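One structure is given here, and the rest of the page talks about it.
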Amino acid sequence: MTTTRIPVAGEGFKPYEVLVGQGLLQNAVGHIAPFLKNRRVFIITDANVAPLHLGPLEAQFTAAGFTVETLVVEAGEQTKSWEGLQQVTDAFVAAGLDRKDIVLAFGGGVIGDLTGFACAVYMRGIDFIQIPTTVLAQVDSSVGGKTAIDHPQGKNLIGAFHQPRLVLCDLDVLTTLPARQIRCGYAEIIKYGLLGDHAFFDWLEANDAAVLALEPEAIRHAVARSVEMKAEIVAQDEREGGKRALLNLGHTFGHALEAEVGFGDLLLHGEAVAIGMAQAFRYSSATGGCAASEAERAIAAVRHAGLPTAMSDIRNAPFDPDKLLVHMGHDKKAEGGTLTFVLVEGIGKAFVAKRVDRQSVHDFLVRDGAQLQDA
Ligand SMILES: NC(=O)c1ccc[n+]([C@@H]2O[C@H](COP(=O)([O-])OP(=O)(O)OC[C@H]3O[C@@H](n4cnc5c(N)ncnc54)[C@H](O)[C@@H]3O)[C@@H](O)[C@H]2O)c1
Ligand SMILES: O=C(O)C(=O)C[C@@H](O)[C@H](O)[C@H](O)COP(=O)(O)O
Ligand SMILES: [Zn+2]
């Protein structure tokens, strides 16, 4: 299989490439060495990835004469926190990293977001390279430079835009992922079809089983097409002044659910996005913007992949609509106290809707299964 190279270039940042293919990590030093100014690398990974994949990566750099230092953090969303950030930056200080050093974020989206943010603020900015090891991180979080930690009131509330210098998506590392995590990545993959590429959605409808089974050609196409779409949008609007918000389809609803359950294994990000996308289609259909048949088809495709599509699919449902609305008020797309949502006219036709009526969202949430606290 050949390696696909996708350029990411925009006005406000240094261009970089996303490499997608098999066996990339077997030549990690070859890909990464051109970016190293000091003869050392600092790797951040988590406690699940380390025993599975860290050894060969460290050994390669050591054999090539580089000093390798590694920090292994706890796995899971809870690590995208002030404590997680403190742990990482303390390790940078202890290692004496300087502005010529490069950090490797070796893990899923949690590691990429946390490492990227630590690199954005340490010494006011040092370089990092993304080596995403989950489907979700390969198709989405490793590309585009959004880095952050969570706040109890809202997802990714403390963060920075900080682009990586290179992204290495080695499809081979995905084979050790649990099925639930592959499905989470699929949620962000189908998001691209739903927001702006009907042909990709059609292809996914026909090939979801092959993608979820990580069949080589299917997963390669799914990752490459997703990255291509993200790169195209980020190139036009790195700081989310307009079009980039489309990548947030399902996230205003989904992030509120994640915050409400307290950011943990009960509801993973991809699952929250899956429910959120279904809600965006149902809300758009209920308010007359999208044909019911389109909404049904979109939601059926998400459900067919084994993803949740309703709040009642979450174990500790029901949710209080007022509490969800408080979280939505902390969404980064909100403006002057008004809510912004990504809504749809149909499959592949998402748009940004500003000043969405709060009461209509409240009523929708109740119809969609949220329950008033005193009811
Ligand atoms: N920055 C962005 O643009 C962006 C985009 C989408 C999502 N995100 C963020 O990404 C995070 C979710 O990322 P995620 O789904 O990758 O979660 P994650 O980083 O928690 O990884 C999921 C799980 O898989 C394990 N894992 C990782 N690689 C593995 C492998 N190869 N084999 C076996 N296990 C492995 C991890 O240890 C973890 O338990 C969320 O915090 C979300 O907000 C950010
Ligand atoms: O890259 C983007 O832009 C996205 O919105 C991608 C999302 O999948 C991702 O979850 C992102 O972290 C959400 O950003 P936020 O600004 O809503 O926190
Ligand atoms: Zn997301």
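Lettering and numbering for the structure tokens are positional, with chains as A, B, ... in the shown order, residues counted from 1 in each chain, and ligands counted from 1 in the shown order.
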Expected answer as a PDB file with N, CA and C atoms, in the first residue's frame: residues within 12 Å of ligand 3, only C-alpha atoms and all ligand atoms:
ATOM      1  N   GLY A 109      -6.895  11.008  20.863  1.00  0.00           N
ATOM      2  CA  GLY A 109      -7.187  12.434  20.895  1.00  0.00           C
ATOM      3  C   GLY A 109      -6.889  13.084  22.237  1.00  0.00           C
ATOM      4  N   VAL A 110      -7.005  12.320  23.310  1.00  0.00           N
ATOM      5  CA  VAL A 110      -6.705  12.871  24.629  1.00  0.00           C
ATOM      6  C   VAL A 110      -5.226  13.270  24.694  1.00  0.00           C
ATOM      7  N   ASP A 113      -4.589  16.280  22.196  1.00  0.00           N
ATOM      8  CA  ASP A 113      -5.110  17.572  22.670  1.00  0.00           C
ATOM      9  C   ASP A 113      -4.308  18.096  23.867  1.00  0.00           C
ATOM     10  N   VAL A 135      -8.583   5.608  15.638  1.00  0.00           N
ATOM     11  CA  VAL A 135      -9.235   6.028  14.389  1.00  0.00           C
ATOM     12  C   VAL A 135      -9.660   7.486  14.535  1.00  0.00           C
ATOM     13  N   LEU A 136     -10.250   7.798  15.694  1.00  0.00           N
ATOM     14  CA  LEU A 136     -10.740   9.166  15.893  1.00  0.00           C
ATOM     15  C   LEU A 136      -9.616  10.184  15.769  1.00  0.00           C
ATOM     16  N   ALA A 137      -8.479   9.872  16.366  1.00  0.00           N
ATOM     17  CA  ALA A 137      -7.368  10.831  16.321  1.00  0.00           C
ATOM     18  C   ALA A 137      -6.799  10.941  14.907  1.00  0.00           C
ATOM     19  N   GLN A 138      -6.789   9.832  14.163  1.00  0.00           N
ATOM     20  CA  GLN A 138      -6.244   9.891  12.793  1.00  0.00           C
ATOM     21  C   GLN A 138      -7.147  10.702  11.870  1.00  0.00           C
ATOM     22  N   VAL A 139      -8.466  10.552  12.038  1.00  0.00           N
ATOM     23  CA  VAL A 139      -9.370  11.218  11.087  1.00  0.00           C
ATOM     24  C   VAL A 139      -9.700  12.650  11.497  1.00  0.00           C
ATOM     25  N   ASP A 140      -9.381  13.019  12.739  1.00  0.00           N
ATOM     26  CA  ASP A 140      -9.889  14.303  13.214  1.00  0.00           C
ATOM     27  C   ASP A 140      -8.925  15.045  14.128  1.00  0.00           C
ATOM     28  N   SER A 141      -8.690  14.517  15.354  1.00  0.00           N
ATOM     29  CA  SER A 141      -8.067  15.377  16.367  1.00  0.00           C
ATOM     30  C   SER A 141      -6.607  15.716  16.100  1.00  0.00           C
ATOM     31  N   SER A 142      -5.898  14.876  15.334  1.00  0.00           N
ATOM     32  CA  SER A 142      -4.471  15.152  15.116  1.00  0.00           C
ATOM     33  C   SER A 142      -4.239  16.249  14.082  1.00  0.00           C
ATOM     34  N   VAL A 143      -5.303  16.620  13.377  1.00  0.00           N
ATOM     35  CA  VAL A 143      -5.180  17.563  12.254  1.00  0.00           C
ATOM     36  C   VAL A 143      -5.912  18.856  12.605  1.00  0.00           C
ATOM     37  N   GLY A 144      -5.318  19.978  12.313  1.00  0.00           N
ATOM     38  CA  GLY A 144      -6.078  21.230  12.413  1.00  0.00           C
ATOM     39  C   GLY A 144      -5.728  22.125  13.568  1.00  0.00           C
ATOM     40  N   LYS A 146      -6.465  22.314  16.858  1.00  0.00           N
ATOM     41  CA  LYS A 146      -7.235  22.609  18.081  1.00  0.00           C
ATOM     42  C   LYS A 146      -6.631  21.767  19.202  1.00  0.00           C
ATOM     43  N   THR A 147      -6.198  22.418  20.276  1.00  0.00           N
ATOM     44  CA  THR A 147      -5.646  21.698  21.427  1.00  0.00           C
ATOM     45  C   THR A 147      -6.346  22.231  22.677  1.00  0.00           C
ATOM     46  N   LYS A 155     -16.652  21.418  27.504  1.00  0.00           N
ATOM     47  CA  LYS A 155     -15.601  20.649  26.849  1.00  0.00           C
ATOM     48  C   LYS A 155     -14.576  21.580  26.185  1.00  0.00           C
ATOM     49  N   ASN A 156     -13.307  21.259  26.317  1.00  0.00           N
ATOM     50  CA  ASN A 156     -12.212  21.974  25.629  1.00  0.00           C
ATOM     51  C   ASN A 156     -12.226  23.480  25.907  1.00  0.00           C
ATOM     52  N   CYS A 184     -16.204   4.833  17.789  1.00  0.00           N
ATOM     53  CA  CYS A 184     -16.117   6.273  18.105  1.00  0.00           C
ATOM     54  C   CYS A 184     -15.439   7.029  16.967  1.00  0.00           C
ATOM     55  N   GLY A 185     -14.403   6.439  16.419  1.00  0.00           N
ATOM     56  CA  GLY A 185     -13.740   7.087  15.282  1.00  0.00           C
ATOM     57  C   GLY A 185     -14.668   7.161  14.088  1.00  0.00           C
ATOM     58  N   TYR A 186     -15.483   6.111  13.919  1.00  0.00           N
ATOM     59  CA  TYR A 186     -16.420   6.090  12.788  1.00  0.00           C
ATOM     60  C   TYR A 186     -17.422   7.248  12.887  1.00  0.00           C
ATOM     61  N   ALA A 187     -17.779   7.628  14.106  1.00  0.00           N
ATOM     62  CA  ALA A 187     -18.727   8.745  14.270  1.00  0.00           C
ATOM     63  C   ALA A 187     -18.158  10.014  13.631  1.00  0.00           C
ATOM     64  N   GLU A 188     -16.862  10.266  13.853  1.00  0.00           N
ATOM     65  CA  GLU A 188     -16.269  11.482  13.274  1.00  0.00           C
ATOM     66  C   GLU A 188     -16.060  11.300  11.761  1.00  0.00           C
ATOM     67  N   ILE A 189     -15.900  10.057  11.303  1.00  0.00           N
ATOM     68  CA  ILE A 189     -15.761   9.820   9.856  1.00  0.00           C
ATOM     69  C   ILE A 189     -17.085  10.134   9.157  1.00  0.00           C
ATOM     70  N   ILE A 190     -18.162   9.587   9.676  1.00  0.00           N
ATOM     71  CA  ILE A 190     -19.456   9.792   8.998  1.00  0.00           C
ATOM     72  C   ILE A 190     -19.875  11.261   9.100  1.00  0.00           C
ATOM     73  N   LYS A 191     -19.352  11.946  10.126  1.00  0.00           N
ATOM     74  CA  LYS A 191     -19.613  13.392  10.254  1.00  0.00           C
ATOM     75  C   LYS A 191     -19.220  14.127   8.968  1.00  0.00           C
ATOM     76  N   TYR A 192     -18.070  13.748   8.376  1.00  0.00           N
ATOM     77  CA  TYR A 192     -17.623  14.456   7.169  1.00  0.00           C
ATOM     78  C   TYR A 192     -18.623  14.280   6.023  1.00  0.00           C
ATOM     79  N   LYS A 230     -10.927  17.686   6.235  1.00  0.00           N
ATOM     80  CA  LYS A 230     -10.582  18.567   7.363  1.00  0.00           C
ATOM     81  C   LYS A 230      -9.517  19.565   6.922  1.00  0.00           C
ATOM     82  N   ALA A 245     -16.616  25.940  11.658  1.00  0.00           N
ATOM     83  CA  ALA A 245     -17.663  25.511  12.612  1.00  0.00           C
ATOM     84  C   ALA A 245     -18.427  24.300  12.082  1.00  0.00           C
ATOM     85  N   LEU A 246     -18.419  24.084  10.760  1.00  0.00           N
ATOM     86  CA  LEU A 246     -19.122  22.915  10.212  1.00  0.00           C
ATOM     87  C   LEU A 246     -18.577  21.611  10.794  1.00  0.00           C
ATOM     88  N   LEU A 247     -17.271  21.618  11.134  1.00  0.00           N
ATOM     89  CA  LEU A 247     -16.653  20.415  11.724  1.00  0.00           C
ATOM     90  C   LEU A 247     -17.233  20.122  13.102  1.00  0.00           C
ATOM     91  N   ASN A 248     -18.028  21.038  13.591  1.00  0.00           N
ATOM     92  CA  ASN A 248     -18.660  20.915  14.902  1.00  0.00           C
ATOM     93  C   ASN A 248     -20.058  20.303  14.817  1.00  0.00           C
ATOM     94  N   LEU A 249     -20.439  19.788  13.656  1.00  0.00           N
ATOM     95  CA  LEU A 249     -21.758  19.137  13.544  1.00  0.00           C
ATOM     96  C   LEU A 249     -21.927  18.111  14.685  1.00  0.00           C
ATOM     97  N   GLY A 250     -23.010  18.219  15.403  1.00  0.00           N
ATOM     98  CA  GLY A 250     -23.299  17.275  16.488  1.00  0.00           C
ATOM     99  C   GLY A 250     -22.622  17.604  17.802  1.00  0.00           C
ATOM    100  N   HIS A 251     -21.745  18.608  17.809  1.00  0.00           N
ATOM    101  CA  HIS A 251     -20.932  18.846  18.998  1.00  0.00           C
ATOM    102  C   HIS A 251     -21.599  19.728  20.048  1.00  0.00           C
ATOM    103  N   THR A 252     -22.499  20.641  19.647  1.00  0.00           N
ATOM    104  CA  THR A 252     -23.142  21.482  20.678  1.00  0.00           C
ATOM    105  C   THR A 252     -24.022  20.591  21.554  1.00  0.00           C
ATOM    106  N   PHE A 253     -24.781  19.718  20.913  1.00  0.00           N
ATOM    107  CA  PHE A 253     -25.565  18.737  21.671  1.00  0.00           C
ATOM    108  C   PHE A 253     -24.628  17.758  22.398  1.00  0.00           C
ATOM    109  N   GLY A 254     -23.669  17.217  21.674  1.00  0.00           N
ATOM    110  CA  GLY A 254     -22.806  16.147  22.209  1.00  0.00           C
ATOM    111  C   GLY A 254     -21.936  16.605  23.368  1.00  0.00           C
ATOM    112  N   HIS A 255     -21.314  17.779  23.228  1.00  0.00           N
ATOM    113  CA  HIS A 255     -20.455  18.276  24.307  1.00  0.00           C
ATOM    114  C   HIS A 255     -21.259  18.524  25.582  1.00  0.00           C
ATOM    115  N   GLU A 258     -21.589  15.234  27.243  1.00  0.00           N
ATOM    116  CA  GLU A 258     -20.312  14.823  27.848  1.00  0.00           C
ATOM    117  C   GLU A 258     -20.065  15.563  29.160  1.00  0.00           C
ATOM    118  N   LEU A 268     -18.287   8.214  25.663  1.00  0.00           N
ATOM    119  CA  LEU A 268     -17.050   8.639  24.982  1.00  0.00           C
ATOM    120  C   LEU A 268     -17.378   9.740  23.966  1.00  0.00           C
ATOM    121  N   HIS A 269     -16.348  10.511  23.594  1.00  0.00           N
ATOM    122  CA  HIS A 269     -16.586  11.655  22.711  1.00  0.00           C
ATOM    123  C   HIS A 269     -17.294  11.242  21.411  1.00  0.00           C
ATOM    124  N   GLY A 270     -16.825  10.174  20.786  1.00  0.00           N
ATOM    125  CA  GLY A 270     -17.432   9.747  19.520  1.00  0.00           C
ATOM    126  C   GLY A 270     -18.896   9.371  19.698  1.00  0.00           C
ATOM    127  N   GLU A 271     -19.222   8.768  20.843  1.00  0.00           N
ATOM    128  CA  GLU A 271     -20.621   8.406  21.115  1.00  0.00           C
ATOM    129  C   GLU A 271     -21.467   9.659  21.309  1.00  0.00           C
ATOM    130  N   ALA A 272     -20.914  10.633  22.030  1.00  0.00           N
ATOM    131  CA  ALA A 272     -21.644  11.888  22.247  1.00  0.00           C
ATOM    132  C   ALA A 272     -21.878  12.599  20.912  1.00  0.00           C
ATOM    133  N   VAL A 273     -20.887  12.557  20.044  1.00  0.00           N
ATOM    134  CA  VAL A 273     -21.033  13.200  18.730  1.00  0.00           C
ATOM    135  C   VAL A 273     -22.086  12.457  17.894  1.00  0.00           C
ATOM    136  N   ALA A 274     -22.106  11.132  18.008  1.00  0.00           N
ATOM    137  CA  ALA A 274     -23.100  10.341  17.269  1.00  0.00           C
ATOM    138  C   ALA A 274     -24.516  10.746  17.696  1.00  0.00           C
ATOM    139  N   ILE A 275     -24.733  10.835  19.009  1.00  0.00           N
ATOM    140  CA  ILE A 275     -26.053  11.259  19.502  1.00  0.00           C
ATOM    141  C   ILE A 275     -26.317  12.703  19.067  1.00  0.00           C
ATOM    142  N   GLY A 276     -25.294  13.539  19.191  1.00  0.00           N
ATOM    143  CA  GLY A 276     -25.447  14.957  18.840  1.00  0.00           C
ATOM    144  C   GLY A 276     -25.793  15.154  17.362  1.00  0.00           C
ATOM    145  N   MET A 277     -25.192  14.354  16.502  1.00  0.00           N
ATOM    146  CA  MET A 277     -25.513  14.478  15.058  1.00  0.00           C
ATOM    147  C   MET A 277     -26.955  14.044  14.807  1.00  0.00           C
TER     148      MET A 277
END
Sorted per-residue table, segment 171-244 of chain A near segment 101-108 of chain A, closest atoms and distance, 12 Å, only C-alpha atoms, as CSV:
residue,atom,partner,partner_atom,distance
A:Val173,CA,A:Gly107,CA,9.9
A:Leu174,CA,A:Gly108,CA,10.3
A:Leu177,CA,A:Gly108,CA,10.4
A:Gln181,CA,A:Gly108,CA,9.8
A:Ile182,CA,A:Gly108,CA,11.3
A:Cys184,CA,A:Gly108,CA,11.4
A:Gly185,CA,A:Gly108,CA,10.2
Check: How would you write, as a list in words, the set of residues in segment 107-186 of chain A that DSSP gives as alpha helix (DSSP H)?
Finding: Gly109, Val110, Ile111, Gly112, Asp113, Leu114, Thr115, Gly116, Phe117, Ala118, Cys119, Ala120, Val121, Val135, Leu136, Ala179, Arg180, Gln181, Ile182, Arg183, Cys184, Gly185 and Tyr186 of chain A
Would you mind telling me which residue in A:Ala292, A:Val261, A:Ala179, A:Val356 lies nearest to Ala305 of chain A when using only C-alpha atoms?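 The closest residue to Ala305 of chain A is A:Ala179.
Residues in contact range of Phe66 of chain A, defined as at most 12 Å between only C-alpha atoms, with sequence neighbours fewer than 4 positions away removed, read Val29, Ile32, Ala33, Leu36, Lys37, Asn38, Arg39, Arg40, Val41, Phe42, Leu57, Glu58, Ala59, Gln60, Phe61, Thr62 and Asp101 of chain A.
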For the selection you just gave me, I'd like the residues written to a file as a PDB file, in the first residue's frame, keeping C-alpha atoms.
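Written file, again.pdb:
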ATOM      1  CA  VAL A  29      13.008   8.110  12.650  1.00  0.00           C
ATOM      2  CA  ILE A  32      10.660  12.615  12.096  1.00  0.00           C
ATOM      3  CA  ALA A  33      14.451  13.205  12.089  1.00  0.00           C
ATOM      4  CA  LEU A  36      14.688  17.419  15.088  1.00  0.00           C
ATOM      5  CA  LYS A  37      17.156  20.180  15.925  1.00  0.00           C
ATOM      6  CA  ASN A  38      18.303  18.667  19.230  1.00  0.00           C
ATOM      7  CA  ARG A  39      19.363  15.031  19.355  1.00  0.00           C
ATOM      8  CA  ARG A  40      16.525  14.023  21.599  1.00  0.00           C
ATOM      9  CA  VAL A  41      12.796  13.381  21.512  1.00  0.00           C
ATOM     10  CA  PHE A  42      10.248  13.646  24.292  1.00  0.00           C
ATOM     11  CA  LEU A  57       9.313   3.508  18.793  1.00  0.00           C
ATOM     12  CA  GLU A  58      11.705   4.244  21.666  1.00  0.00           C
ATOM     13  CA  ALA A  59      14.138   1.568  20.472  1.00  0.00           C
ATOM     14  CA  GLN A  60      14.293   3.056  16.986  1.00  0.00           C
ATOM     15  CA  PHE A  61      15.245   6.519  18.217  1.00  0.00           C
ATOM     16  CA  THR A  62      17.779   5.106  20.682  1.00  0.00           C
ATOM     17  CA  ASP A 101      13.032  20.397  21.261  1.00  0.00           C
TER      18      ASP A 101
END
Practice item. Extract, using only C-alpha atoms, all DNA, RNA and protein residues at most 8 Å from segment 9-20 of chain A, discarding same-chain residues fewer than 5 positions from it, and format them as a VMD selection string. Key: chain A and resid 3 to 4 143 163 to 171 220 223 to 224 227 231 234 to 238
